[in-house]
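Structure record follows, encoded as structure tokens.
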Amino acid sequence: MPRKKANTTKKAATNKPKTSKSVKSKRLHRLRGMKDVLFSESKYWDLVERKAKDLANVYGFQKIATPILEFSDLYVKSTGKETDIVSKEMYAFVDKGGDKVTLRPEATPGAVRAYIEHGMFNLPQPVKMFWMGPLFRHEKPQSGRLRQHTQFDLEIFGEEGPVADTQLILIAYNFFSELQINVQIQINSIGCPECRKDYIEKLSAFYKERGKRSKLCNDCKKRFTKNPLRLLDCKEESCLEVREDAPQIVDFLCDDCREHFIKVLEYLDELEIPYNLNPFLVRGLDYYVKTVFEITPIDEEGLDPSQQKRQISLGGGGRYDGLVELMGGRPTSGCGFGIGLERVIMKIKEKSIPLKEDNENIIFLAQLGEQSKRKMMTLFEELRKAGYNVRQSFTKDSLKNQLEEANRVNAKLVLILGQKELLDGTVMVRDMELGTQEVIDFKKLYPELNKRLEVKEMKLENSATESIAEEK
RNA sequence: GUGGCUAUAGUUCAACGGCUAGAACAUCGGUUUGUGGUACCGAUGAUGAGGGUUCGAUUCCCUCUAGCCACCCCA
């Protein structure tokens with residue numbers, strides 16, 4: 001039996017044994033870990049972006065945009081050569097001019113670069129900026145983990161006081177609660193380079209005590225020599241056991257760091273923002289000092305544990321006081337945080353929070369015949385400019401199709417103009433909910449529309465109260 | 001990057017190694033050449049890619065690709 005087959009013979013046997021990706025399938029596929037945002041998802045993006053911008057503006061943050069492509073060195077120097085992001089996740093390449101460049105893996109370095117490069121230390125301090133855009137990390141994709149994702153990011157430069165840290169956390173908290181996402185704020189202080197050094201010594205000493213290292217998992221054995229702070233991060237059961245008695249960094253903070261941290265917590269208490277003091281929270285970027293925090297979602301409806309998904313963090317940030325200086329600016333303190341918008345949208349979808357849609361009082365214009373089409377096209381512009389919520393489908397000529405479309409967009413009224421109406425100087429007004437229609441004088445269109453839109457609203461209110469009354 | 005699971009129309013799912021790969025929803029068309037949302041009829045449309053075993057593969061095996069899950073890490 002000859003099987004149905006596309007008779008396009010692939011390039012003959014001249015192919016190298018290693019098949020190249022491009023020849024493989026006839027259809028082009030998007031790159032791994034990259035996503036298209038389609039119509040149905042756009043409304044979530046609108047919602048989230050609007051919320052982010054509104055909040056940022058209220059708290060005095062101004063928008064900036066930095067290039068997606070930067071010199072690779074920017075990230076190597078700031079984020080840290082040894083961090084996972086830089087050492088194994090960067091989209092780094094040499095461009096045609098021979099420059100070593102990288103697709104932005106992280107927001108803060110670009111903001112810092114811009115702050116220095118444009119002499120923003122000459123602006124009134126603190127400088128508060130926000131930022132929204134794509135980031136690229138070459139990781140193995142999973143749900144909620146993409147190679148291109150979008151972050152909403154806030155940065156404050158030139159303010160060393162704890163108010164700055166608090167304000168960032170406050171904004172993050174407001175962002176989530178106003179989107180009806182339940183979150184938990186994890187917070188910790190990892191001190192400054194000085195007191196952290198002391199702590200790491202203590203921590204190493206602790207783990208060196210008899211028999212402790214043999215209990216650790218393989219990853220942690222490596223961490224012990226490479227980055228002892230990360231020992232605190234491990235979720236392995238046996239490592240957790242050892243960790244129980246480990247010294248906590250908060251007990252070793254210098255006076256300055258301790259005072260700063262206490263203030264942040266006091267402010268949070270004052271604002272009644274719930275937080276979870278997590279002495280084991282350590283963040284993976286080199287530049288963080290003092291306050292670090294992370295935001296994770298909470299499942300409220302006590303699902304059975306098997307149903308519970310791994311809780312990925314929705315956002316995180318911290319203070320980076322030494323970073324501007326490290327990057328060649330004058331000593332400037334700073335702090336910032338980022339929120340992963342794809343993950344936020346995932347959460348909103350999970351909870352199926354209803355979205356407000358702009359489909360109130362839609363007037364749909366339908367036409368029959370060339371003459372009426374022309375007239376309706378101009379009427380459409382007229383109504384639109386007058387502030388009516390109008391829709392049309394002038395590419396379709398049959399009334400059936402136009403009404404179908406009117407129904408799809410949830411129109412309240414349809415104005416129908418055909419040969420008959422055109423000759424009589426009238427227009428037909430069809431009420432899509434009641435299914436009634438009426439021919440009116442074209443000149444009385446505006447008062448008629450206004451009347452119907454108002455009457456409609458009152459009727460709806462009435463019916464709502466009636467149905468409540470019935471239930472009682 | 002490591003390990004596991006999966007891959008069938010646009011979407012959600014069917015199909016003891018064997019007949020024309022079947023539905024629902026969606027889309028388009030018709031019943032109605034001037035009337036939508038409920039009905040009826042019809043059409044379009046799929047085995048991720050490449051190889052192997054077999055008389056015969058959607059089904060079994062291998063490779064690649066992609067997705068999901070856990071780890072690593074992070075937003």
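Residue numbers start at 1 in each chain; chains themselves are named A, B, ... in the order of the structure tokens; ligands are numbered from 1 in the order shown.
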
Please determine the contact residues of chain B with respect to chain A at a cut-off of 10 Å, counting only C-alpha atoms (C1' of nucleotides), and supply them as JSON, numbers by chain. {"B": [1, 32, 33, 34, 35, 36, 37, 48, 49, 50, 56, 64, 65, 66, 67, 68, 69, 70, 72, 73, 74, 75]}

Shell around stretch 125-133 of chain A at 9 Å using only C-alpha atoms (C1' of nucleotides), local window under 2 positions removed, as a PDB file with N, CA and C atoms, in the first residue's frame:
```pdb
ATOM      1  N   GLU A  49       0.518  45.047  32.832  1.00  0.00           N
ATOM      2  CA  GLU A  49       1.364  46.190  32.499  1.00  0.00           C
ATOM      3  C   GLU A  49       0.768  47.488  33.034  1.00  0.00           C
ATOM      4  N   ALA A  52       1.362  47.677  36.740  1.00  0.00           N
ATOM      5  CA  ALA A  52       2.764  47.960  37.028  1.00  0.00           C
ATOM      6  C   ALA A  52       3.078  49.431  36.806  1.00  0.00           C
ATOM      7  N   LYS A  53       2.656  49.958  35.682  1.00  0.00           N
ATOM      8  CA  LYS A  53       2.945  51.359  35.373  1.00  0.00           C
ATOM      9  C   LYS A  53       2.280  52.295  36.368  1.00  0.00           C
ATOM     10  N   ALA A  56       4.093  52.180  39.711  1.00  0.00           N
ATOM     11  CA  ALA A  56       5.409  52.808  39.608  1.00  0.00           C
ATOM     12  C   ALA A  56       5.267  54.323  39.613  1.00  0.00           C
ATOM     13  N   ASN A  57       4.332  54.826  38.845  1.00  0.00           N
ATOM     14  CA  ASN A  57       4.163  56.272  38.765  1.00  0.00           C
ATOM     15  C   ASN A  57       3.741  56.873  40.091  1.00  0.00           C
ATOM     16  N   TYR A  59       4.387  55.939  43.021  1.00  0.00           N
ATOM     17  CA  TYR A  59       5.488  55.998  43.981  1.00  0.00           C
ATOM     18  C   TYR A  59       6.678  56.778  43.446  1.00  0.00           C
ATOM     19  N   GLY A  60       6.470  57.458  42.329  1.00  0.00           N
ATOM     20  CA  GLY A  60       7.508  58.373  41.855  1.00  0.00           C
ATOM     21  C   GLY A  60       8.607  57.755  41.015  1.00  0.00           C
ATOM     22  N   PHE A  61       8.305  56.646  40.376  1.00  0.00           N
ATOM     23  CA  PHE A  61       9.308  56.026  39.498  1.00  0.00           C
ATOM     24  C   PHE A  61       9.052  56.438  38.058  1.00  0.00           C
ATOM     25  N   GLN A  62      10.141  56.693  37.341  1.00  0.00           N
ATOM     26  CA  GLN A  62       9.998  57.082  35.945  1.00  0.00           C
ATOM     27  C   GLN A  62      10.509  55.976  35.048  1.00  0.00           C
ATOM     28  N   LYS A  63       9.927  55.908  33.886  1.00  0.00           N
ATOM     29  CA  LYS A  63      10.244  54.789  32.998  1.00  0.00           C
ATOM     30  C   LYS A  63      11.535  55.010  32.223  1.00  0.00           C
ATOM     31  N   ILE A  64      12.338  53.988  32.149  1.00  0.00           N
ATOM     32  CA  ILE A  64      13.473  54.020  31.234  1.00  0.00           C
ATOM     33  C   ILE A  64      13.465  52.750  30.396  1.00  0.00           C
ATOM     34  N   ALA A  65      14.204  52.777  29.318  1.00  0.00           N
ATOM     35  CA  ALA A  65      14.385  51.568  28.509  1.00  0.00           C
ATOM     36  C   ALA A  65      15.844  51.511  28.127  1.00  0.00           C
ATOM     37  N   THR A  66      16.436  50.362  28.295  1.00  0.00           N
ATOM     38  CA  THR A  66      17.833  50.210  27.913  1.00  0.00           C
ATOM     39  C   THR A  66      17.912  49.153  26.813  1.00  0.00           C
ATOM     40  N   ILE A  68      18.564  45.888  24.543  1.00  0.00           N
ATOM     41  CA  ILE A  68      18.522  44.455  24.829  1.00  0.00           C
ATOM     42  C   ILE A  68      19.919  43.876  24.728  1.00  0.00           C
ATOM     43  N   ALA A 107      18.196  42.661  34.670  1.00  0.00           N
ATOM     44  CA  ALA A 107      17.831  44.056  34.458  1.00  0.00           C
ATOM     45  C   ALA A 107      18.785  45.061  35.090  1.00  0.00           C
ATOM     46  N   ALA A 111      20.570  49.149  34.026  1.00  0.00           N
ATOM     47  CA  ALA A 111      20.104  50.359  34.702  1.00  0.00           C
ATOM     48  C   ALA A 111      21.289  51.075  35.355  1.00  0.00           C
ATOM     49  N   TYR A 115      22.673  54.783  34.522  1.00  0.00           N
ATOM     50  CA  TYR A 115      22.790  55.770  35.610  1.00  0.00           C
ATOM     51  C   TYR A 115      24.159  56.441  35.561  1.00  0.00           C
ATOM     52  N   MET A 120      23.504  60.444  35.945  1.00  0.00           N
ATOM     53  CA  MET A 120      22.245  60.633  36.660  1.00  0.00           C
ATOM     54  C   MET A 120      22.458  60.951  38.133  1.00  0.00           C
ATOM     55  N   PHE A 121      23.725  60.890  38.583  1.00  0.00           N
ATOM     56  CA  PHE A 121      24.004  61.352  39.943  1.00  0.00           C
ATOM     57  C   PHE A 121      23.854  62.859  40.034  1.00  0.00           C
ATOM     58  N   ASN A 122      23.728  63.556  38.873  1.00  0.00           N
ATOM     59  CA  ASN A 122      23.474  64.999  38.889  1.00  0.00           C
ATOM     60  C   ASN A 122      21.991  65.326  38.993  1.00  0.00           C
ATOM     61  N   LEU A 123      21.155  64.316  38.909  1.00  0.00           N
ATOM     62  CA  LEU A 123      19.715  64.537  39.098  1.00  0.00           C
ATOM     63  C   LEU A 123      19.442  64.587  40.587  1.00  0.00           C
ATOM     64  N   LEU A 135      13.991  39.515  29.011  1.00  0.00           N
ATOM     65  CA  LEU A 135      15.297  39.043  29.464  1.00  0.00           C
ATOM     66  C   LEU A 135      15.526  37.666  28.853  1.00  0.00           C
ATOM     67  N   HIS A 149      11.894  35.796  28.939  1.00  0.00           N
ATOM     68  CA  HIS A 149      10.769  36.161  29.801  1.00  0.00           C
ATOM     69  C   HIS A 149      10.776  37.660  30.033  1.00  0.00           C
ATOM     70  N   THR A 150       9.692  38.142  30.625  1.00  0.00           N
ATOM     71  CA  THR A 150       9.523  39.578  30.751  1.00  0.00           C
ATOM     72  C   THR A 150       9.517  39.981  32.213  1.00  0.00           C
ATOM     73  N   GLN A 151      10.229  41.024  32.513  1.00  0.00           N
ATOM     74  CA  GLN A 151      10.241  41.486  33.901  1.00  0.00           C
ATOM     75  C   GLN A 151       9.785  42.927  34.035  1.00  0.00           C
ATOM     76  N   PHE A 152       9.141  43.152  35.146  1.00  0.00           N
ATOM     77  CA  PHE A 152       8.850  44.508  35.599  1.00  0.00           C
ATOM     78  C   PHE A 152       9.858  44.779  36.692  1.00  0.00           C
ATOM     79  N   ASP A 153      10.577  45.869  36.539  1.00  0.00           N
ATOM     80  CA  ASP A 153      11.740  46.056  37.360  1.00  0.00           C
ATOM     81  C   ASP A 153      11.791  47.471  37.919  1.00  0.00           C
ATOM     82  N   LEU A 154      12.106  47.598  39.211  1.00  0.00           N
ATOM     83  CA  LEU A 154      12.217  48.916  39.832  1.00  0.00           C
ATOM     84  C   LEU A 154      13.601  49.077  40.438  1.00  0.00           C
ATOM     85  N   GLU A 155      14.170  50.261  40.285  1.00  0.00           N
ATOM     86  CA  GLU A 155      15.490  50.506  40.860  1.00  0.00           C
ATOM     87  C   GLU A 155      15.480  51.859  41.561  1.00  0.00           C
ATOM     88  N   ILE A 156      16.146  51.910  42.711  1.00  0.00           N
ATOM     89  CA  ILE A 156      16.310  53.195  43.408  1.00  0.00           C
ATOM     90  C   ILE A 156      17.798  53.437  43.603  1.00  0.00           C
ATOM     91  N   PHE A 157      18.281  54.546  43.084  1.00  0.00           N
ATOM     92  CA  PHE A 157      19.694  54.890  43.243  1.00  0.00           C
ATOM     93  C   PHE A 157      19.843  56.070  44.196  1.00  0.00           C
ATOM     94  N   GLY A 158      20.897  56.036  44.996  1.00  0.00           N
ATOM     95  CA  GLY A 158      21.233  57.199  45.801  1.00  0.00           C
ATOM     96  C   GLY A 158      20.428  57.326  47.076  1.00  0.00           C
ATOM     97  N   GLU A 159      19.943  56.231  47.593  1.00  0.00           N
ATOM     98  CA  GLU A 159      19.243  56.276  48.884  1.00  0.00           C
ATOM     99  C   GLU A 159      19.709  55.092  49.713  1.00  0.00           C
ATOM    100  N   GLY A 334      22.132  51.626  46.282  1.00  0.00           N
ATOM    101  CA  GLY A 334      21.006  51.345  45.398  1.00  0.00           C
ATOM    102  C   GLY A 334      20.294  50.078  45.812  1.00  0.00           C
TER     103      GLY A 334
END
```

Mind checking DSSP for stretch 358-457 of chain A and telling me the helix (DSSP H, G or I) residues as a VMD selection string? chain A and resid 370 to 385 399 to 408 419 to 424 442 to 457

Output for the residues just chosen: C-alpha atoms as a CSV table (one decimal), in the first residue's frame:
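The result, written out as part25.csv:
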```csv
chain,number,residue,atom,x,y,z
A,370,GLU,CA,-22.3,50.1,-1.9
A,371,GLN,CA,-24.1,53.3,-1.1
A,372,SER,CA,-24.9,52.5,2.4
A,373,LYS,CA,-21.4,51.1,3.0
A,374,ARG,CA,-20.0,54.5,2.1
A,375,LYS,CA,-22.4,56.3,4.3
A,376,MET,CA,-21.8,53.9,7.2
A,377,MET,CA,-18.0,54.3,6.9
A,378,THR,CA,-18.3,58.0,7.5
A,379,LEU,CA,-20.9,57.6,10.2
A,380,PHE,CA,-18.6,55.2,11.9
A,381,GLU,CA,-15.9,57.8,12.1
A,382,GLU,CA,-18.3,60.4,13.3
A,383,LEU,CA,-19.7,58.2,16.1
A,384,ARG,CA,-16.2,57.2,17.1
A,385,LYS,CA,-15.0,60.8,17.4
A,399,LEU,CA,-26.2,41.0,6.8
A,400,LYS,CA,-26.1,37.6,8.4
A,401,ASN,CA,-22.3,37.7,8.6
A,402,GLN,CA,-22.4,41.2,10.0
A,403,LEU,CA,-24.9,40.3,12.7
A,404,GLU,CA,-22.8,37.3,13.5
A,405,GLU,CA,-19.8,39.5,14.1
A,406,ALA,CA,-22.0,42.0,16.1
A,407,ASN,CA,-22.9,39.1,18.3
A,408,ARG,CA,-19.3,38.0,18.7
A,419,GLN,CA,-31.2,50.5,0.2
A,420,LYS,CA,-34.7,51.0,1.7
A,421,GLU,CA,-33.5,53.1,4.6
A,422,LEU,CA,-31.1,55.0,2.4
A,423,LEU,CA,-34.0,56.1,0.2
A,424,ASP,CA,-36.3,57.0,3.1
A,442,PHE,CA,-31.8,59.2,10.5
A,443,LYS,CA,-31.8,62.7,11.8
A,444,LYS,CA,-32.9,61.5,15.2
A,445,LEU,CA,-30.1,59.1,15.5
A,446,TYR,CA,-28.1,60.7,18.3
A,447,PRO,CA,-31.0,61.3,20.7
A,448,GLU,CA,-32.2,57.8,20.0
A,449,LEU,CA,-28.8,56.2,20.7
A,450,ASN,CA,-28.5,58.2,23.9
A,451,LYS,CA,-31.9,57.2,25.0
A,452,ARG,CA,-31.4,53.6,24.3
A,453,LEU,CA,-28.1,53.3,26.0
A,454,GLU,CA,-29.4,55.0,29.1
A,455,VAL,CA,-32.6,53.1,29.2
A,456,LYS,CA,-30.7,49.9,28.8
A,457,GLU,CA,-28.6,50.6,31.9
```

Skipping near chain neighbours, those fewer than 4 positions away, what residues fall within 7 Å of stretch 6-8 of chain B using only C-alpha atoms (C1' of nucleotides), listed as a count of residues only? 4

Tell me, which residues of stretch 55-269 of chain A carry DSSP strand (DSSP E or B), written as a VMD selection string? chain A and resid 62 to 63 69 to 71 91 to 94 100 to 103 127 to 136 142 145 148 to 157 183 to 189

May I ask which of the residues A:Asp95, A:Cys234, A:Glu209, A:Thr166 is the closest one to A:Glu270, counting only C-alpha atoms?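 Under the stated criterion, the closest residue is A:Thr166.
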
Provide the atom C1' of B:C40 to atom CA of A:Leu413 distance in Å, to one decimal place.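 Atom C1' of B:C40 sits 28.5 Å away from atom CA of A:Leu413.
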